[in-house]
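The file run_8.cif contains mmCIF, C-alpha atoms:
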data_final
#
loop_
_atom_site.label_atom_id
_atom_site.label_comp_id
_atom_site.auth_asym_id
_atom_site.auth_seq_id
_atom_site.Cartn_x
_atom_site.Cartn_y
_atom_site.Cartn_z
CA MET A 15 0.00 0.00 0.00
CA PRO A 16 1.68 3.38 -1.01
CA ASP A 17 2.70 5.79 1.72
CA SER A 18 0.18 8.48 2.33
CA PRO A 19 1.34 12.06 1.73
CA PRO A 20 2.37 13.99 4.88
CA SER A 21 -0.38 15.85 6.52
CA CYS A 22 -0.36 19.59 7.07
CA ALA A 23 0.55 18.99 10.72
CA ASP A 24 3.58 16.90 9.69
CA GLU A 25 4.79 19.59 7.25
CA THR A 26 4.40 22.25 9.92
CA GLN A 27 6.46 20.16 12.36
CA ILE A 28 9.20 19.59 9.75
CA LEU A 29 9.41 23.30 8.93
CA SER A 30 9.56 24.09 12.63
CA LEU A 31 12.45 21.63 13.12
CA LYS A 32 14.32 23.10 10.15
CA ARG A 33 13.99 26.60 11.58
CA ARG A 34 15.18 25.35 14.94
CA ILE A 35 18.19 23.68 13.32
CA ALA A 36 19.01 26.90 11.45
CA VAL A 37 18.84 28.88 14.69
CA LEU A 38 21.10 26.38 16.49
CA GLU A 39 23.63 26.44 13.64
CA GLU A 40 23.71 30.23 13.76
CA GLN A 41 24.21 30.19 17.52
CA ASN A 42 27.00 27.62 17.15
CA ALA A 43 28.75 29.81 14.56
CA GLU A 44 28.53 32.80 16.89
CA LEU A 45 30.06 30.78 19.71
CA ARG A 46 32.98 29.82 17.48
CA MET A 47 33.65 33.42 16.48
CA PRO A 48 36.27 35.20 18.62
CA THR A 49 34.85 37.80 20.95
CA ALA A 50 35.91 41.43 20.80
CA SER A 51 38.08 40.80 23.84
CA GLU A 52 39.76 37.79 22.20
CA LYS A 53 40.39 39.82 19.05
CA THR A 54 41.93 42.62 21.10
CA THR A 55 44.16 40.17 22.96
CA LYS A 56 45.38 38.58 19.73
CA ASN A 57 45.97 41.93 18.03
CA LEU A 58 47.94 43.28 20.99
CA ALA A 59 50.13 40.17 21.09
CA LEU A 60 50.89 40.60 17.38
CA GLU A 61 51.54 44.32 17.79
CA GLY A 62 53.81 43.61 20.73
CA ARG A 63 56.21 41.67 18.50
CA VAL A 64 57.67 44.99 17.37
CA ILE A 65 58.77 46.05 20.85
CA ARG A 66 62.01 44.11 21.33
CA ARG A 67 62.98 44.63 17.70
CA LEU A 68 62.39 48.38 17.38
CA VAL A 69 61.60 49.85 20.81
CA CYS A 70 63.76 48.41 23.59
CA LEU A 71 65.53 45.22 24.56
CA THR A 72 64.23 44.65 28.10
CA GLU A 73 61.75 47.31 29.25
CA ARG A 74 58.16 46.30 29.98
CA VAL A 75 55.36 48.35 28.49
CA ASP A 76 53.91 49.22 31.91
CA ASP A 77 57.31 50.49 33.12
CA MET A 78 57.72 52.74 30.06
CA VAL A 79 54.23 54.17 30.55
CA ALA A 80 54.95 54.64 34.25
CA GLU A 81 57.99 56.78 33.37
CA PHE A 82 55.78 59.07 31.29
CA ASP A 83 53.26 59.22 34.16
CA ARG A 84 56.07 60.12 36.56
CA ARG A 85 56.97 63.12 34.42
CA ILE A 86 53.33 64.16 34.23
CA ALA A 87 53.18 63.98 38.03
CA LEU A 88 56.19 66.32 38.16
CA GLY A 89 54.18 68.99 36.35
CA ALA A 90 54.38 68.21 32.63
CA SER A 91 51.03 68.70 30.92
CA ASP A 92 51.89 66.82 27.73
CA ILE A 93 54.67 64.89 26.01
CA SER A 94 56.47 68.02 24.78
CA GLU A 95 56.82 69.27 28.35
CA ALA A 96 57.75 65.79 29.55
CA ASP A 97 60.63 65.83 27.03
CA VAL A 98 62.45 68.59 28.90
CA LEU A 99 62.16 66.95 32.33
CA GLU A 100 65.53 65.22 32.21
CA SER A 101 66.25 62.90 35.12
CA SER A 102 69.53 62.57 36.99
CA ASP A 103 69.11 58.81 36.51
CA PRO A 104 70.24 57.71 33.03
CA THR A 105 68.04 54.61 33.27
CA GLU A 106 64.92 56.79 33.58
CA ASN A 107 65.99 58.89 30.60
CA ARG A 108 66.56 55.76 28.52
CA ARG A 109 63.18 54.41 29.56
CA TYR A 110 61.48 57.64 28.52
CA ARG A 111 63.19 57.64 25.12
CA SER A 112 61.97 54.06 24.71
CA TYR A 113 58.45 55.18 25.65
CA LYS A 114 58.50 57.69 22.79
CA LYS A 115 59.57 54.93 20.39
CA LEU A 116 56.76 52.79 21.79
CA LEU A 117 54.21 55.42 20.80
CA VAL A 118 55.59 55.37 17.25
CA TRP A 119 55.67 51.62 16.73
CA CYS A 120 52.71 50.56 18.90
CA PRO A 121 49.77 52.87 18.12
CA SER A 122 47.55 50.96 20.54
CA VAL A 123 49.58 52.21 23.49
CA ARG A 124 48.67 55.84 22.81
CA LYS A 125 44.99 54.84 22.75
CA LEU A 126 45.33 52.83 25.96
CA VAL A 127 47.11 55.67 27.78
CA GLN A 128 44.31 58.06 26.81
CA SER A 129 41.51 55.57 27.54
CA SER A 130 39.28 55.45 30.60
CA ALA A 131 40.25 51.86 31.40
CA ASP A 132 41.12 51.20 35.03
CA SER A 133 44.59 50.13 36.16
CA SER A 134 43.77 46.40 36.28
CA GLU A 135 42.42 46.42 32.73
CA LEU A 136 45.45 48.33 31.50
CA ALA A 137 47.82 45.95 33.27
CA GLU A 138 46.20 42.99 31.53
CA LEU A 139 46.39 44.67 28.10
CA TYR A 140 50.01 45.73 28.65
CA SER A 141 50.85 42.13 29.58
CA LYS A 142 49.59 41.01 26.15
CA LEU A 143 51.98 43.43 24.49
CA ASN A 144 54.80 42.17 26.71
CA CYS A 145 54.02 38.56 25.78
CA GLY A 146 54.18 39.43 22.10
CA ALA A 147 57.48 41.24 22.62
CA ASP A 148 59.14 38.36 24.44
CA GLY A 149 57.72 35.83 22.00
CA ALA A 150 59.32 37.59 19.03
CA ARG A 151 62.65 37.83 20.86
CA ALA A 152 62.53 34.12 21.70
CA ASP A 153 61.76 33.23 18.08
CA ASP A 154 64.69 35.27 16.80
CA THR A 155 67.01 33.75 19.43
CA THR A 156 66.04 30.21 18.46
CA ASN A 157 66.37 30.82 14.74
CA LEU A 158 69.75 32.56 14.97
CA LYS A 159 71.13 29.85 17.23
CA PHE A 160 70.75 27.40 14.34
CA ILE A 161 71.56 29.57 11.32
CA ILE A 162 74.70 31.16 12.78
CA ALA A 163 76.31 27.73 12.92
CA VAL A 164 75.45 27.22 9.25
CA TRP A 165 77.02 30.56 8.31
CA LEU A 166 80.18 29.88 10.30
CA MET A 167 80.62 26.46 8.73
CA GLN A 168 80.37 28.07 5.28
CA MET A 169 83.44 30.19 6.02
CA VAL A 170 86.81 29.43 4.53
CA PRO A 171 88.60 27.99 6.35
CA THR A 172 85.87 26.34 8.39
CA PRO A 173 86.09 26.51 12.19
CA LYS A 174 87.81 23.59 13.90
CA PRO A 175 86.34 21.88 15.80
CA PRO A 176 83.06 22.29 13.87
CA ILE A 177 80.28 24.50 15.25
CA GLN A 178 77.17 22.47 16.05
CA CYS A 179 73.72 23.78 15.09
CA ARG A 180 71.72 22.34 17.96
CA ASP A 181 74.25 22.53 20.78
CA LYS A 182 75.92 25.79 21.82
CA TYR A 183 78.56 24.01 23.88
CA GLY A 184 81.91 24.79 22.31
CA ARG A 185 80.91 28.21 20.98
CA GLY A 186 82.27 31.56 22.08
CA PHE A 187 85.13 31.51 24.55
CA TYR A 188 84.90 27.73 24.79
CA HIS A 189 85.90 27.21 21.17
CA ASP A 190 89.47 26.02 20.63
CA ASN A 191 90.43 28.58 18.00
CA ASP A 192 93.01 30.33 20.20
CA VAL A 193 93.79 28.57 23.46
CA THR A 194 95.90 31.40 24.91
CA VAL A 195 93.27 34.11 24.37
CA ARG A 196 90.47 31.80 25.43
CA GLU A 197 92.12 30.96 28.73
CA ALA A 198 92.98 34.62 29.41
CA ILE A 199 89.35 35.61 28.92
CA ARG A 200 87.98 32.75 30.99
CA SER A 201 90.40 33.49 33.81
CA TYR A 202 89.37 37.20 33.79
CA HIS A 203 92.83 38.51 32.89
CA PRO A 204 92.67 42.33 33.06
CA ASP A 205 94.05 42.64 29.52
CA TYR A 206 91.23 40.45 28.19
CA HIS A 207 88.29 41.85 30.10
CA VAL A 208 85.23 41.44 27.85
CA THR A 209 82.40 43.85 28.68
CA ALA A 210 79.60 45.71 26.92
CA TYR A 211 82.05 48.57 26.36
CA SER A 212 84.29 46.45 24.14
CA TRP A 213 82.98 46.31 20.58
CA PRO A 214 83.13 42.70 19.31
CA SER A 215 85.04 42.16 16.06
CA PHE A 216 81.90 40.89 14.29
CA LEU A 217 80.60 44.47 14.30
CA TYR A 218 83.36 45.51 11.89
CA LYS A 219 83.71 44.85 8.19
CA ASN A 220 86.09 41.91 7.71
CA GLY A 221 86.34 41.77 11.52
CA GLN A 222 89.03 44.47 11.45
CA TYR A 223 89.22 47.33 13.94
CA ASP A 224 91.22 50.38 12.85
CA ALA A 225 92.78 52.11 15.86
CA ILE A 226 93.52 55.23 13.79
CA ASN A 227 89.97 55.43 12.40
CA PRO A 228 87.79 53.62 14.98
CA THR A 229 84.54 54.07 13.06
CA LYS A 230 85.89 52.58 9.84
CA GLY A 231 83.76 49.55 8.97
CA PHE A 232 81.81 49.87 12.23
CA LEU A 233 78.42 48.09 12.17
CA LYS A 234 79.18 46.75 8.69
CA GLY A 235 80.34 43.29 9.70
CA GLU A 236 79.35 40.50 7.32
CA LEU A 237 77.63 38.42 10.01
CA LEU A 238 75.72 41.47 11.24
CA VAL A 239 74.53 42.21 7.69
CA LYS A 240 73.36 38.62 7.33
CA ALA A 241 71.58 38.68 10.70
CA VAL A 242 69.75 41.95 9.97
CA LYS A 243 68.55 40.59 6.64
CA TYR A 244 67.61 37.25 8.23
CA ILE A 245 65.46 38.88 10.93
CA PHE A 246 63.97 41.84 9.08
CA THR A 247 63.74 40.84 5.40
CA SER A 248 63.91 37.09 4.80
CA PRO A 249 66.14 34.08 5.52
CA SER A 250 66.82 33.65 1.80
CA SER A 251 68.05 37.25 1.44
CA ALA A 252 70.64 36.56 4.14
CA GLU A 253 72.30 34.05 1.84
CA GLU A 254 73.34 36.77 -0.61
CA ASP A 255 76.96 37.85 -0.59
CA PRO A 256 77.45 40.97 1.59
CA GLU A 257 80.63 41.69 -0.38
CA ILE A 258 78.46 43.40 -3.02
CA LEU A 259 79.02 46.54 -0.99
CA GLN A 260 81.76 48.48 -2.73
CA PRO A 261 83.60 50.35 -1.39
CA ASP A 262 83.65 50.89 2.40
CA ALA A 263 82.02 54.27 2.85
CA SER A 264 83.10 55.09 6.39
CA THR A 265 85.05 58.16 5.32
CA GLU A 266 83.11 59.09 2.18
CA THR A 267 80.17 61.36 1.64
CA PRO A 268 76.83 59.73 0.72
CA SER A 269 77.17 60.88 -2.89
CA GLN A 270 80.43 58.97 -3.18
CA VAL A 271 78.98 55.64 -2.14
CA HIS A 272 78.43 53.28 -5.05
CA LEU A 273 76.38 50.20 -4.33
CA LEU A 274 75.57 47.33 -6.66
CA LYS A 275 71.99 46.80 -5.59
CA ARG A 276 70.31 43.47 -5.95
CA ARG A 277 67.44 43.57 -8.44
CA ARG A 278 64.55 41.16 -8.76
CA THR A 279 64.21 39.40 -12.06
CA THR A 280 60.90 39.44 -13.92
CA GLY A 281 60.19 35.91 -12.76
CA GLU A 282 60.87 36.63 -9.10
CA ARG A 283 57.91 37.44 -6.89
CA ARG A 284 57.60 38.16 -3.21
CA THR A 285 55.19 35.58 -1.84
CA ARG A 286 54.67 37.04 1.62
CA CYS A 287 55.23 40.21 3.56
CA ASP A 288 58.57 40.22 5.37
CA VAL A 289 59.04 41.22 9.01
CA ALA A 290 60.04 44.77 8.11
CA GLY A 291 56.82 45.12 6.11
CA LEU A 292 54.70 43.66 8.89
CA LEU A 293 56.29 46.08 11.36
CA GLN A 294 55.78 49.00 8.95
CA MET A 295 59.54 49.59 9.05
CA LYS A 296 60.27 51.46 5.83
CA SER A 297 63.88 52.30 6.66
CA VAL A 298 66.62 50.80 8.82
CA GLN A 299 66.27 51.85 12.45
CA PRO A 300 69.19 52.23 14.89
CA ARG A 301 67.37 50.11 17.46
CA ALA A 302 66.92 47.34 14.90
CA LEU A 303 70.70 47.28 14.41
CA ALA A 304 71.31 47.28 18.17
CA TYR A 305 68.78 44.48 18.70
CA THR A 306 70.34 42.37 15.97
CA ALA A 307 73.83 42.93 17.35
CA VAL A 308 72.66 41.62 20.73
CA GLN A 309 71.00 38.59 19.15
CA LEU A 310 74.11 37.88 17.11
CA ARG A 311 76.42 38.21 20.09
CA PHE A 312 74.24 35.81 22.07
CA ALA A 313 74.10 33.31 19.17
CA LEU A 314 77.90 33.29 18.97
CA SER A 315 78.28 32.75 22.71
CA SER A 316 78.18 29.45 24.59
CA ALA A 317 75.21 30.54 26.75
CA GLY A 318 72.51 27.89 26.48
CA ALA A 319 69.57 30.01 27.65
CA TRP A 320 68.72 33.65 27.06
CA ARG A 321 70.04 35.98 29.74
CA ILE A 322 70.81 39.67 29.95
CA ILE A 323 74.05 39.24 31.93
CA ASP A 324 76.58 36.78 30.50
CA ASP A 325 79.51 36.73 32.94
CA ASP A 326 80.81 40.34 32.76
CA PHE A 327 78.97 41.12 29.54
CA ASP A 328 75.73 43.07 29.95
CA HIS A 329 73.59 42.70 26.81
CA ASN A 330 71.36 45.58 27.86
CA GLU A 331 74.31 47.97 28.19
CA PHE A 332 75.69 46.70 24.89
CA TYR A 333 72.34 47.43 23.26
CA HIS A 334 72.12 50.95 24.65
CA ASN A 335 75.73 51.74 23.74
CA ILE A 336 74.85 51.11 20.09
CA VAL A 337 71.57 53.03 20.37
CA ASP A 338 73.39 55.98 21.97
CA TYR A 339 75.90 56.00 19.12
CA PHE A 340 73.03 57.02 16.85
CA GLU A 341 70.65 58.87 19.15
CA LEU A 342 73.10 60.70 21.44
CA PRO A 343 76.16 61.47 19.29
CA SER A 344 79.00 63.14 21.16
CA SER A 345 79.69 65.81 18.53
CA PRO A 346 78.45 67.15 15.17
CA ASP A 347 81.08 65.01 13.43
CA ALA A 348 79.83 61.93 15.29
CA ALA A 349 76.25 62.79 14.32
CA LYS A 350 77.31 63.01 10.66
CA GLU A 351 79.07 59.64 10.86
CA ALA A 352 75.94 58.07 12.36
CA GLU A 353 73.79 59.66 9.65
CA ASN A 354 76.07 58.33 6.89
CA LEU A 355 76.05 54.89 8.45
CA LEU A 356 72.25 54.75 8.40
CA LEU A 357 72.29 55.94 4.80
CA TRP A 358 74.69 53.10 3.98
CA TRP A 359 72.31 50.57 5.51
CA ASN A 360 69.23 52.01 3.84
CA ARG A 361 70.86 52.06 0.41
CA TYR A 362 72.02 48.51 0.88
CA LEU A 363 68.59 47.23 1.91
CA ALA A 364 66.65 49.48 -0.48
CA THR A 365 65.63 46.54 -2.67
CA GLU A 366 64.65 44.41 0.33
CA MET A 367 62.32 46.75 2.25
#
Do you think you could lay out the structure here as structure tokens?
Amino acid sequence: MPDSPPSCADETQILSLKRRIAVLEEQNAELRMPTASEKTTKNLALEGRVIRRLVCLTERVDDMVAEFDRRIALGASDISEADVLESSDPTENRRYRSYKKLLVWCPSVRKLVQSSADSSELAELYSKLNCGADGARADDTTNLKFIIAVWLMQMVPTPKPPIQCRDKYGRGFYHDNDVTVREAIRSYHPDYHVTAYSWPSFLYKNGQYDAINPTKGFLKGELLVKAVKYIFTSPSSAEEDPEILQPDASTETPSQVHLLKRRRTTGERRTRCDVAGLLQMKSVQPRALAYTAVQLRFALSSAGAWRIIDDDFDHNEFYHNIVDYFELPSSPDAAKEAENLLLWWNRYLATEM
């Protein structure tokens, strides 16, 4: 006997169930969507990744904001008046200069400072920025630990014994390249005292320091060039030969510098935005160079875990010494040298950024 057609009551019930299913599916989709708070948290963590690379090496966001608040409490009505309230403590002055960089590279901070959020809400939001900052630093540390060994083993002659990629034991002052110097450093001989005020040879082009012209080749070391490109442009760009820079322009005017720039072929396409693009960094920043120098120094050392103080070497002081070279030049001539050095870097990386 054929099935009888559904009655009107059955059709009504079916339509009602379908509507109910549609409502439940919509509710389920809404539950899966991130809330405004979750979006804010994720965005702040991403934005925070700029902080270690372009703002400061160690300062927390809340401490930098607190330094601005301290100056406001002393009578400054805005940031221009806060600028002139120099402290007798150099650490506070450094922190304030970092705060000003924070406003440039982290637009959300300016909004948070001017918001009506209470202190507990602000502390939670600042912590998200701090997490992003430390996460980016940790990523760069891990990546350079591996790739620096690859670069060193590509040198001619290669280091003996070989540098291992995964294990940092045997790097730095524990490598057997010069037993006499190594033992003098490890025994803290006064003639081999290694501190943040001693520029490492890797900062100089060809690793050569010129006592007559101390700034010659400074911050143009081949490993430093590779590390900057690795962190801020792309790992593949770091494999290009830094010797394309001709000649050394330490004592020449910008118009005398001739660079053979790398050019993309018609078949070459950029498939993703590099770190510099993501950070909106359109030119080389002094703090990016200082940050990379710290990361490179740590990668070359035997230290197994990230730390600011490595024996007598203070990475934070090392960082600020390089930053001060650019931001607080000791004379007009020093300011011109710093300006030419940045021009050198920007011309070199012009095709990468």
Do you know which residues are at most 9 Å from Phe232 of chain A counting only C-alpha atoms, after dropping those on the same chain fewer than 4 positions away, and could you put them as a list in words?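 Returned residues: Leu217, Tyr218, Lys219, Tyr223, Pro228, Ser264 and Leu355 of chain A.
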Selection near Thr209 of chain A, 10 Å with all atoms listed in the file, sequence-local residues under 3 positions removed, as a ChimeraX atom specification: /A:206,212-214,324-329,331-332
Pick the closest to Asn335 of chain A from A:Ala150, A:Ala319, A:Ala304, A:Leu116: which is it, counting all atoms listed in the file?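 So, comparing all the options, the nearest one is A:Ala304.
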Spatial neighbours of segment 239-251 of chain A, 9 Å, all atoms listed in the file, chain gap at least 2 places, as a PyMOL selection string: chain A and resi 154+157-158+162+165+233-237+253-256+287-291+295+302-303+306-307+309-310+359+363+366-367
For the point (71.8, 24.5, 14.9) in the file's frame, write as a VMD selection string all residues with an atom no more than 9 Å away, counting only C-alpha atoms. chain A and resid 156 to 164 177 to 182
Produce a file of the selected residues containing C-alpha atoms, as a JSON list (two decimals), in the coordinates of the input.
[["chain", "number", "residue", "atom", "x", "y", "z"],
["A", 156, "THR", "CA", 66.04, 30.21, 18.46],
["A", 157, "ASN", "CA", 66.37, 30.82, 14.74],
["A", 158, "LEU", "CA", 69.75, 32.56, 14.97],
["A", 159, "LYS", "CA", 71.13, 29.85, 17.23],
["A", 160, "PHE", "CA", 70.75, 27.40, 14.34],
["A", 161, "ILE", "CA", 71.56, 29.57, 11.32],
["A", 162, "ILE", "CA", 74.70, 31.16, 12.78],
["A", 163, "ALA", "CA", 76.31, 27.73, 12.92],
["A", 164, "VAL", "CA", 75.45, 27.22, 9.25],
["A", 177, "ILE", "CA", 80.28, 24.50, 15.25],
["A", 178, "GLN", "CA", 77.17, 22.47, 16.05],
["A", 179, "CYS", "CA", 73.72, 23.78, 15.09],
["A", 180, "ARG", "CA", 71.72, 22.34, 17.96],
["A", 181, "ASP", "CA", 74.25, 22.53, 20.78],
["A", 182, "LYS", "CA", 75.92, 25.79, 21.82]]
Please determine, counting all atoms listed in the file, which residue among A:Gln294, A:Ser122, A:Gln299, A:Ser316 has the shortest atom-to-atom distance to Glu341 of chain A.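 Ranked by minimum distance to Glu341 of chain A, first place goes to A:Gln299.
The smallest atom-to-atom distance between Asp148 of chain A and any of A:Lys125, A:Arg111, A:Arg67, A:Arg34, using all atoms listed in the file, is found for A:Arg67.
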Exactly which residues make up the result of the PyMOL selection byres ((chain A and resi 69-81) around 8) on this file, given as a ChimeraX atom specification? /A:64-68,82-85,106,109-110,112-113,115-116,119,127,137,140-141,143-144,301,305,330,333
